[in-house]
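S.K.: So here's input_5.txt, just compact mmCIF, C-alpha atoms:
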# COMPACT_ATOMS: atom_id res chain seq x y z
CA MET U 1 40.49 25.56 0.20
CA LYS U 2 42.26 25.19 3.55
CA THR U 3 41.12 27.09 6.62
CA GLY U 4 43.64 28.82 8.84
CA LEU U 5 43.90 31.12 11.85
CA PHE U 6 45.59 34.50 11.44
CA CYS U 7 47.40 35.41 14.68
CA ASN U 8 48.10 39.13 14.95
CA TYR U 9 48.54 39.27 18.76
CA GLU U 10 46.35 42.36 19.22
CA ASN U 11 47.08 43.83 22.66
CA HIS U 12 43.90 45.77 23.35
CA ASP U 13 44.24 45.78 27.15
CA GLN U 14 48.00 46.38 27.35
CA ASN U 15 48.62 42.92 28.77
CA ALA U 16 51.09 41.25 26.43
CA HIS U 17 51.43 38.10 28.54
CA ARG U 18 47.70 37.43 28.37
CA VAL U 19 47.59 38.16 24.63
CA ILE U 20 50.39 35.69 23.87
CA PHE U 21 48.65 32.88 25.73
CA GLU U 22 45.22 33.73 24.35
CA GLN U 23 46.71 33.13 20.91
CA VAL U 24 48.06 29.81 22.17
CA THR U 25 44.53 28.92 23.28
CA LEU U 26 43.11 29.87 19.89
CA VAL U 27 45.70 27.85 17.94
CA LYS U 28 45.10 24.76 20.08
CA TYR U 29 41.35 25.23 19.70
CA VAL U 30 41.35 25.52 15.91
CA GLU U 31 43.59 22.47 15.70
CA SER U 32 40.85 20.60 17.60
CA LEU U 33 38.43 21.86 14.92
CA ASP U 34 40.74 20.44 12.23
CA PHE U 35 41.80 23.80 10.83
CA GLU U 36 44.78 23.09 8.61
CA GLU U 37 46.99 26.15 9.28
CA ALA U 38 47.90 28.93 11.73
CA TRP U 39 49.82 32.02 10.63
CA ILE U 40 51.93 34.17 12.99
CA THR U 41 52.69 37.84 12.28
CA GLU U 42 55.86 39.86 12.91
CA HIS U 43 55.71 43.37 14.40
CA HIS U 44 58.35 45.47 16.13
CA PHE U 45 58.26 48.43 18.55
CA ASN U 46 54.47 48.13 18.59
CA ASP U 47 52.49 47.87 21.82
CA PHE U 48 49.39 46.84 19.87
CA SER U 49 50.64 43.78 17.95
CA VAL U 50 53.09 42.06 20.27
CA SER U 51 54.73 39.44 18.05
CA PRO U 52 58.33 40.54 17.40
CA SER U 53 59.84 37.03 17.61
CA THR U 54 57.80 35.12 15.06
CA LEU U 55 59.94 32.00 14.79
CA MET U 56 60.15 31.74 18.58
CA LEU U 57 56.37 31.90 18.82
CA ILE U 58 56.07 29.22 16.14
CA ALA U 59 58.59 27.04 17.99
CA HIS U 60 56.44 27.19 21.11
CA LEU U 61 53.31 26.37 19.11
CA ALA U 62 55.11 23.47 17.46
CA GLY U 63 55.65 21.93 20.88
CA ILE U 64 52.01 22.10 21.95
CA THR U 65 50.33 21.11 18.66
CA HIS U 66 50.47 17.95 16.61
CA LYS U 67 49.08 18.36 13.11
CA ILE U 68 48.25 21.98 12.29
CA ARG U 69 50.62 23.62 9.82
CA LEU U 70 52.41 26.71 11.19
CA GLY U 71 53.48 29.68 9.08
CA SER U 72 55.02 33.13 9.37
CA ALA U 73 52.90 36.02 8.09
CA ALA U 74 55.33 37.39 7.51
CA LEU U 75 59.05 37.36 8.29
CA LEU U 76 60.48 40.83 7.64
CA LEU U 77 63.69 39.66 6.06
CA ALA U 78 65.26 43.09 5.58
CA PHE U 79 65.65 43.31 9.36
CA HIS U 80 67.36 39.94 9.87
CA ASN U 81 70.63 38.20 9.05
CA PRO U 82 69.69 35.69 6.32
CA ILE U 83 72.20 33.06 7.48
CA ILE U 84 70.71 33.07 10.97
CA ILE U 85 67.19 32.98 9.52
CA ALA U 86 68.09 30.01 7.30
CA GLN U 87 69.46 28.10 10.28
CA SER U 88 66.39 28.95 12.36
CA ILE U 89 64.00 27.89 9.59
CA ALA U 90 65.79 24.56 9.10
CA THR U 91 65.84 23.85 12.84
CA LEU U 92 62.21 24.85 13.23
CA ASP U 93 61.11 22.66 10.34
CA ASN U 94 62.62 19.71 12.17
CA LEU U 95 60.90 20.72 15.42
CA CYS U 96 57.59 21.02 13.53
CA ASN U 97 58.05 17.60 11.93
CA GLY U 98 57.75 19.27 8.53
CA ARG U 99 54.71 21.44 9.37
CA LEU U 100 56.39 24.77 8.61
CA SER U 101 55.48 27.33 5.94
CA ILE U 102 57.29 30.63 5.48
CA GLY U 103 55.70 33.91 4.50
CA ILE U 104 57.94 36.90 3.92
CA ALA U 105 57.47 40.66 3.46
CA LYS U 106 59.58 43.80 3.34
CA GLY U 107 57.84 45.46 6.31
CA GLY U 108 55.96 48.72 6.49
CA PRO U 109 54.50 51.25 6.80
CA PHE U 110 56.21 51.54 10.20
CA PRO U 111 59.21 53.91 10.06
CA GLU U 112 60.48 52.90 13.52
CA GLN U 113 61.32 49.44 12.19
CA ASN U 114 63.56 50.83 9.47
CA LYS U 115 65.10 53.37 11.83
CA HIS U 116 65.97 50.98 14.63
CA PHE U 117 67.17 48.21 12.31
CA ALA U 118 69.25 50.70 10.31
CA THR U 119 67.57 49.80 7.01
CA SER U 120 66.25 52.57 4.80
CA MET U 121 62.76 52.17 3.33
CA SER U 122 64.24 52.50 -0.13
CA GLU U 123 66.38 49.38 0.49
CA SER U 124 63.83 47.17 2.28
CA ARG U 125 62.42 45.52 -0.83
CA SER U 126 65.74 44.85 -2.59
CA LYS U 127 67.27 43.49 0.64
CA THR U 128 64.27 41.20 1.11
CA LEU U 129 64.47 39.71 -2.38
CA GLU U 130 68.22 39.20 -2.09
CA ALA U 131 67.74 37.53 1.30
CA ILE U 132 65.13 35.13 -0.14
CA THR U 133 67.60 34.03 -2.79
CA LEU U 134 70.40 33.45 -0.29
CA ILE U 135 68.17 31.66 2.23
CA HIS U 136 66.94 29.27 -0.47
CA LYS U 137 70.51 28.36 -1.38
CA LEU U 138 71.49 27.85 2.25
CA LEU U 139 68.49 25.63 3.00
CA TYR U 140 68.92 23.18 0.14
CA TYR U 141 72.58 23.31 -0.94
CA THR U 142 75.99 22.87 0.63
CA ASP U 143 79.17 24.91 0.36
CA VAL U 144 77.20 28.04 -0.58
CA SER U 145 79.03 31.07 -1.88
CA PHE U 146 77.06 34.24 -2.54
CA THR U 147 77.96 37.76 -3.56
CA GLY U 148 75.10 40.22 -3.52
CA GLU U 149 74.64 43.92 -2.99
CA TYR U 150 73.83 43.45 0.69
CA TYR U 151 74.90 39.92 1.65
CA GLN U 152 78.02 37.88 1.00
CA CYS U 153 79.22 34.50 2.15
CA GLN U 154 81.85 31.97 1.10
CA GLY U 155 81.62 28.20 1.41
CA VAL U 156 78.77 28.09 3.95
CA THR U 157 76.85 24.92 4.80
CA ILE U 158 74.15 25.06 7.46
CA TYR U 159 73.11 22.18 9.72
CA PRO U 160 70.56 20.76 10.14
CA LYS U 161 68.90 20.82 6.77
CA PRO U 162 65.08 21.18 6.70
CA LEU U 163 62.98 18.06 7.13
CA GLN U 164 60.84 19.03 4.14
CA LYS U 165 62.39 18.70 0.70
CA SER U 166 60.86 22.06 -0.15
CA ILE U 167 59.31 24.41 2.40
CA SER U 168 56.39 26.39 0.99
CA VAL U 169 57.26 30.09 0.68
CA TYR U 170 54.72 32.90 0.32
CA VAL U 171 55.32 36.57 -0.43
CA ALA U 172 53.15 39.42 0.82
CA THR U 173 53.33 42.12 -1.82
CA SER U 174 51.50 44.35 -4.26
CA ASP U 175 54.70 45.61 -5.89
CA ASP U 176 55.03 44.78 -9.59
CA ASP U 177 58.70 43.78 -9.42
CA THR U 178 58.14 41.57 -6.39
CA LEU U 179 55.09 39.96 -8.01
CA LYS U 180 57.25 39.18 -11.03
CA PHE U 181 60.02 37.77 -8.79
CA SER U 182 57.46 35.59 -7.00
CA ALA U 183 55.88 34.35 -10.21
CA VAL U 184 59.20 33.48 -11.84
CA LYS U 185 60.19 31.46 -8.76
CA SER U 186 56.69 29.95 -8.30
CA LEU U 187 56.38 31.33 -4.79
CA GLY U 188 52.94 31.63 -3.22
CA LEU U 189 51.19 34.94 -2.58
CA MET U 190 49.75 36.40 0.62
CA GLY U 191 46.87 38.87 0.82
CA GLY U 192 46.60 41.22 3.80
CA THR U 193 43.45 41.80 5.82
CA GLN U 194 42.93 45.39 4.69
CA PHE U 195 43.30 44.94 0.93
CA SER U 196 40.21 44.97 -1.24
CA LEU U 197 39.14 42.27 -3.64
CA ASN U 198 40.09 44.51 -6.57
CA ILE U 199 43.64 44.93 -5.29
CA LEU U 200 43.94 41.20 -4.71
CA LYS U 201 42.58 40.40 -8.19
CA ASN U 202 45.08 42.84 -9.69
CA ASN U 203 47.94 41.06 -7.89
CA VAL U 204 46.79 37.61 -8.95
CA THR U 205 46.24 38.70 -12.56
CA LYS U 206 49.77 40.08 -12.82
CA TYR U 207 51.18 36.91 -11.26
CA ARG U 208 49.24 34.58 -13.53
CA ALA U 209 50.28 36.50 -16.63
CA ILE U 210 53.80 35.24 -15.87
CA ASN U 211 53.06 31.96 -14.12
CA SER U 212 49.64 30.40 -14.62
CA SER U 213 50.18 27.51 -12.21
CA GLY U 214 51.81 28.91 -9.07
CA SER U 215 49.24 31.34 -7.72
CA ASP U 216 46.86 28.64 -6.54
CA ARG U 217 48.94 28.87 -3.36
CA LEU U 218 47.28 32.11 -2.29
CA MET U 219 46.90 32.71 1.44
CA LEU U 220 44.28 35.34 2.18
CA ALA U 221 43.98 36.84 5.68
CA ARG U 222 40.61 38.36 6.61
CA PHE U 223 39.04 39.95 9.65
CA PHE U 224 36.24 37.57 10.61
CA PHE U 225 33.26 37.15 12.87
CA VAL U 226 30.18 35.01 12.33
CA ALA U 227 27.09 35.17 14.54
CA ARG U 228 23.41 34.25 14.31
CA THR U 229 22.49 37.66 12.89
CA ASN U 230 24.33 40.31 10.89
CA GLU U 231 23.56 42.87 13.57
CA GLU U 232 25.13 40.74 16.29
CA ALA U 233 28.24 40.03 14.21
CA VAL U 234 28.83 43.66 13.26
CA SER U 235 28.15 44.84 16.82
CA GLU U 236 30.77 42.44 18.16
CA ALA U 237 33.39 43.08 15.49
CA LEU U 238 33.11 46.84 15.09
CA PRO U 239 34.91 47.86 18.32
CA PHE U 240 37.78 45.57 17.32
CA LEU U 241 37.96 47.02 13.81
CA ARG U 242 37.60 50.57 15.12
CA ILE U 243 40.75 50.24 17.23
CA PHE U 244 42.65 48.82 14.26
CA SER U 245 41.38 51.64 12.05
CA GLN U 246 42.35 54.35 14.50
CA ARG U 247 45.84 52.99 15.03
CA MET U 248 46.52 52.52 11.32
CA LYS U 249 45.24 55.99 10.49
CA ALA U 250 47.63 57.38 13.11
CA VAL U 251 50.51 55.50 11.49
CA LYS U 252 49.39 56.69 8.06
CA ASN U 253 49.40 60.32 9.22
CA GLN U 254 52.83 59.89 10.75
CA VAL U 255 54.24 58.38 7.57
CA GLN U 256 52.67 60.97 5.29
CA SER U 257 54.23 63.74 7.35
CA ASP U 258 57.57 62.52 6.04
CA ASP U 259 58.01 63.62 2.42
CA ASN U 260 59.84 60.45 1.44
CA HIS U 261 57.64 57.76 2.93
CA SER U 262 54.05 58.20 1.77
CA GLN U 263 54.57 55.73 -1.08
CA HIS U 264 54.77 52.89 1.41
CA LEU U 265 51.01 53.07 1.87
CA MET U 266 50.41 52.50 -1.84
CA PRO U 267 50.41 48.75 -2.54
CA ILE U 268 49.32 49.36 -6.12
CA SER U 269 50.03 52.42 -8.18
CA GLY U 270 47.32 54.98 -7.57
CA GLN U 271 45.51 52.85 -4.96
CA LYS U 272 45.96 53.08 -1.22
CA ALA U 273 45.08 50.52 1.40
CA SER U 274 41.96 51.74 3.15
CA PHE U 275 41.67 51.80 6.91
CA ASN U 276 38.17 53.32 7.04
CA GLU U 277 35.70 51.33 9.11
CA ASP U 278 33.23 50.87 6.26
CA ASP U 279 35.94 49.60 3.93
CA LEU U 280 37.32 47.26 6.57
CA LEU U 281 33.83 45.82 7.08
CA GLU U 282 33.37 45.42 3.34
CA ASN U 283 36.68 43.60 2.97
CA SER U 284 36.08 41.36 5.98
CA ILE U 285 34.07 38.17 6.49
CA ILE U 286 31.65 39.44 9.12
CA GLY U 287 27.97 38.66 9.36
CA ASP U 288 25.48 35.86 9.81
CA VAL U 289 26.07 32.37 8.45
CA THR U 290 24.66 33.10 4.99
CA THR U 291 26.55 36.37 4.64
CA CYS U 292 29.86 34.73 5.57
CA ARG U 293 29.26 31.83 3.20
CA ASP U 294 28.51 34.22 0.34
CA LYS U 295 31.55 36.41 1.01
CA ILE U 296 33.88 33.43 1.14
CA LYS U 297 32.45 31.98 -2.07
CA ARG U 298 33.05 35.29 -3.80
CA PHE U 299 36.70 35.28 -2.73
CA GLN U 300 36.98 31.67 -3.91
CA ASP U 301 35.43 32.42 -7.28
CA GLU U 302 37.49 35.54 -7.92
CA LEU U 303 40.85 34.44 -6.51
CA ASN U 304 41.04 30.63 -6.39
CA LEU U 305 42.10 30.61 -2.74
CA GLY U 306 44.57 28.13 -1.36
CA THR U 307 44.05 29.15 2.27
CA LEU U 308 41.63 31.46 4.04
CA ALA U 309 43.20 32.62 7.32
CA LEU U 310 40.64 34.02 9.76
CA ASN U 311 41.42 36.73 12.30
CA PRO U 312 38.56 36.52 14.85
CA SER U 313 37.49 40.11 15.41
CA SER U 314 36.27 40.47 18.96
CA LEU U 315 37.76 42.01 22.08
CA TYR U 316 36.85 38.88 24.04
CA LEU U 317 38.45 35.44 23.86
CA GLN U 318 35.22 33.55 24.58
CA LYS U 319 33.44 35.33 21.74
CA LYS U 320 36.27 34.42 19.39
CA LEU U 321 36.01 30.76 20.38
CA GLU U 322 32.23 30.76 19.92
CA SER U 323 32.48 32.36 16.49
CA LEU U 324 35.13 29.88 15.33
CA ALA U 325 32.92 27.01 16.51
CA LEU U 326 29.95 28.40 14.58
CA TYR U 327 32.12 28.82 11.47
CA ASN U 328 33.20 25.20 11.76
CA GLN U 329 29.64 23.96 12.21
CA GLU U 330 27.71 26.02 9.69
CA VAL U 331 30.03 27.82 7.28
CA ARG U 332 33.08 25.71 6.57
CA ASN U 333 31.36 22.72 4.97
CA TYR U 334 29.39 24.98 2.61
CA VAL U 335 32.34 26.79 1.05
What does this structure look like when you write it as structure tokens?

M.R.:
Amino acid sequence: MKTGLFCNYENHDQNAHRVIFEQVTLVKYVESLDFEEAWITEHHFNDFSVSPSTLMLIAHLAGITHKIRLGSAALLLAFHNPIIIAQSIATLDNLCNGRLSIGIAKGGPFPEQNKHFATSMSESRSKTLEAITLIHKLLYYTDVSFTGEYYQCQGVTIYPKPLQKSISVYVATSDDDTLKFSAVKSLGLMGGTQFSLNILKNNVTKYRAINSSGSDRLMLARFFFVARTNEEAVSEALPFLRIFSQRMKAVKNQVQSDDNHSQHLMPISGQKASFNEDDLLENSIIGDVTTCRDKIKRFQDELNLGTLALNPSSLYLQKKLESLALYNQEVRNYV
């Protein structure tokens, strides 16, 4: 199992400049701890998670790091031109010296994104899957012609081509059709911080029923904080989780007020992502050394993780650094 950093650019103090460079500090620090990966989110029109230009952020990180693998978690393809994204990915893979991974998602449940990018929620998923198909062709083939429902091109060749012969692609989804698409194409899966072990197991089971070999590339993001005692860890992480919970509940209420959009909070039929504090704590890796080891081992046993991406859950940069150091010293080698 690889260890990664999950970079969500949480802007608790309404100081986006500081947040961006705190994430830079964290990425450089975990590279010094020999973490293998760092994953950068994409959010729009959101003063809380200030990472709208994911590939630009990765490009900056590529220039100040040397060995850590850098990934998107995830590119919201329905809101982008796939030809431009293909060119950016290929260029970035060269800048990274082949250290790039790509995670993709349809986006949601944030109605402003769909509104301002003129993409209906009902089209987000189908546009995303069509864009994946076109981007793959553009990255690895020449003279590409494509006729889809949303995208068309004739005789297109992009330059440069990626440095890697095949860039790893991951899909963040709990939708049955998208799981099938991912399994058929042997794409990796991504698990979000708020989804329970049961939801994740359901996703992996459906994937493996179609493709028994591809889902070992599972990237799981988790809220995280390790301290000397459970009480200390929970006390430090809870204010962080409480802000996330409050903001997501506000979004949930906004979405559910629209008759057509409540389904976007249902990653699996009949099951909703939970943003309650107790559920977030249960689904997170927060506690003393033994508790964190045990939680990680359970995820490993149940899911066969490829990467565990940690989102340090504290309001304070120094606390995040200390917790990551403790993880590296007393948790990582035991899981």

S.K.: Please determine, counting only C-alpha atoms, which residue among U:Arg69, U:His80, U:Arg228, U:Lys28 has the shortest atom-to-atom distance to Pro52 (chain U).

M.R.: U:His80

S.K.: Would you work out the distance separating CA of Asn198 (chain U) from CA of Leu310 (chain U), expressed in Å to one decimal?

M.R.: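 So the two atoms, CA of Asn198 (chain U) and CA of Leu310 (chain U), lie 19.4 Å apart.
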
S.K.: For Leu61 (chain U), list every protein, DNA or RNA residue within 9 Å, evaluated using only C-alpha atoms, and leave out those in the same chain fewer than 6 positions away; present the list as a ChimeraX atom specification.

M.R.: /U:24,27-28,70,96

S.K.: Compare U:Thr65, U:Ser51, U:Ser166, U:Ser196 by their minimum atom-to-atom distance to Ser32 (chain U), counting only C-alpha atoms, and give me the closest one.

M.R.: U:Thr65

S.K.: Tell me which of U:Lys137, U:Lys201, U:Lys127, U:Lys106 sits closest to Ile83 (chain U), counting only C-alpha atoms.

M.R.: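 Ranking U:Lys137, U:Lys201, U:Lys127, U:Lys106 by distance to Ile83 (chain U), first place goes to U:Lys137.
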
S.K.: Between CA of Ser174 (chain U) and CA of Thr133 (chain U), what distance in Å does the model show, to one decimal?

M.R.: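 Separating CA of Ser174 (chain U) from CA of Thr133 (chain U) is a distance of 19.2 Å.
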
S.K.: Is there a way to get, as a PyMOL selection string, all residues within 8 Å of the point (34.4, 42.5, 19.7) in file coordinates, counting only C-alpha atoms?

M.R.: chain U and resi 235-240+313-316+319

S.K.: Calculate how many Å separate CA of Ala209 (chain U) from CA of Gln194 (chain U), rounding to one decimal.

M.R.: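 Computing it gives 24.2 Å between the two atoms.
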
S.K.: Do you have, as a Markdown table, the list of residues of region 158-258 of chain U lying at most 7 Å from region 288-292 of chain U, each with its nearest atom pair and that distance in Å to one decimal, counting only C-alpha atoms and ordered by chain then number?

M.R.:
| residue | atom | partner | partner_atom | distance |
| --- | --- | --- | --- | --- |
| U:Val226 | CA | U:Asp288 | CA | 5.4 |
| U:Ala227 | CA | U:Asp288 | CA | 5.0 |
| U:Arg228 | CA | U:Asp288 | CA | 5.2 |
| U:Thr229 | CA | U:Asp288 | CA | 4.7 |
| U:Asn230 | CA | U:Asp288 | CA | 4.7 |
| U:Ala233 | CA | U:Asp288 | CA | 6.7 |

S.K.: Using all atoms listed in the file, find the one residue out of U:Ala38, U:Val184, U:Ile85, U:Ile285 that sits nearest to Leu55 (chain U).

M.R.: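 Looking at the shortest contact to Leu55 (chain U), the residue is U:Ile85.
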
S.K.: Add whatever atoms are absent from region 213-236 of chain U to reach N, CA, C and O atoms, and provide the output as a compact mmCIF listing (two decimals), in the frame of the given file.

M.R.:
# COMPACT_ATOMS: atom_id res chain seq x y z
N SER U 213 50.41 28.67 -13.08
CA SER U 213 50.18 27.51 -12.21
C SER U 213 50.51 27.76 -10.75
O SER U 213 50.05 27.02 -9.88
N GLY U 214 51.31 28.78 -10.44
CA GLY U 214 51.81 28.91 -9.07
C GLY U 214 50.90 29.64 -8.11
O GLY U 214 51.00 29.47 -6.90
N SER U 215 50.00 30.47 -8.61
CA SER U 215 49.24 31.34 -7.72
C SER U 215 48.05 30.65 -7.07
O SER U 215 47.28 31.29 -6.37
N ASP U 216 47.89 29.34 -7.29
CA ASP U 216 46.86 28.64 -6.54
C ASP U 216 47.24 28.56 -5.07
O ASP U 216 46.40 28.32 -4.22
N ARG U 217 48.51 28.79 -4.75
CA ARG U 217 48.94 28.87 -3.36
C ARG U 217 48.81 30.33 -2.90
O ARG U 217 49.79 31.03 -2.70
N LEU U 218 47.57 30.75 -2.75
CA LEU U 218 47.28 32.11 -2.29
C LEU U 218 46.70 32.02 -0.89
O LEU U 218 45.65 31.42 -0.67
N MET U 219 47.39 32.64 0.07
CA MET U 219 46.90 32.71 1.44
C MET U 219 46.29 34.08 1.65
O MET U 219 46.95 35.10 1.49
N LEU U 220 45.00 34.09 1.97
CA LEU U 220 44.28 35.34 2.18
C LEU U 220 43.89 35.47 3.64
O LEU U 220 43.20 34.62 4.19
N ALA U 221 44.35 36.55 4.30
CA ALA U 221 43.98 36.84 5.68
C ALA U 221 42.79 37.79 5.67
O ALA U 221 42.76 38.75 4.91
N ARG U 222 41.81 37.53 6.52
CA ARG U 222 40.61 38.36 6.61
C ARG U 222 40.19 38.53 8.07
O ARG U 222 40.23 37.59 8.86
N PHE U 223 39.77 39.77 8.41
CA PHE U 223 39.04 39.95 9.65
C PHE U 223 37.75 39.14 9.54
O PHE U 223 37.12 39.07 8.48
N PHE U 224 37.33 38.55 10.67
CA PHE U 224 36.24 37.57 10.61
C PHE U 224 35.42 37.59 11.90
O PHE U 224 35.96 37.71 13.00
N PHE U 225 34.13 37.49 11.74
CA PHE U 225 33.26 37.15 12.87
C PHE U 225 31.92 36.70 12.31
O PHE U 225 31.30 37.39 11.51
N VAL U 226 31.49 35.52 12.73
CA VAL U 226 30.18 35.01 12.33
C VAL U 226 29.32 34.86 13.58
O VAL U 226 29.78 34.42 14.63
N ALA U 227 28.06 35.28 13.45
CA ALA U 227 27.09 35.17 14.54
C ALA U 227 25.74 34.80 13.94
O ALA U 227 25.60 34.63 12.73
N ARG U 228 24.73 34.68 14.79
CA ARG U 228 23.41 34.25 14.31
C ARG U 228 22.73 35.31 13.46
O ARG U 228 21.91 34.99 12.60
N THR U 229 23.07 36.59 13.70
CA THR U 229 22.49 37.66 12.89
C THR U 229 23.60 38.60 12.44
O THR U 229 24.66 38.69 13.08
N ASN U 230 23.36 39.31 11.34
CA ASN U 230 24.33 40.31 10.89
C ASN U 230 24.55 41.39 11.94
O ASN U 230 25.67 41.83 12.17
N GLU U 231 23.45 41.81 12.57
CA GLU U 231 23.56 42.87 13.57
C GLU U 231 24.46 42.44 14.73
O GLU U 231 25.31 43.23 15.19
N GLU U 232 24.30 41.23 15.19
CA GLU U 232 25.13 40.74 16.29
C GLU U 232 26.59 40.66 15.89
O GLU U 232 27.49 41.04 16.65
N ALA U 233 26.86 40.17 14.67
CA ALA U 233 28.24 40.03 14.21
C ALA U 233 28.92 41.38 14.08
O ALA U 233 30.06 41.57 14.53
N VAL U 234 28.24 42.33 13.46
CA VAL U 234 28.83 43.66 13.26
C VAL U 234 29.03 44.35 14.61
O VAL U 234 30.05 45.00 14.85
N SER U 235 28.05 44.22 15.50
CA SER U 235 28.15 44.84 16.82
C SER U 235 29.34 44.31 17.59
O SER U 235 30.03 45.07 18.29
N GLU U 236 29.63 43.03 17.45
CA GLU U 236 30.77 42.44 18.16
C GLU U 236 32.10 42.81 17.53
O GLU U 236 33.09 43.06 18.22
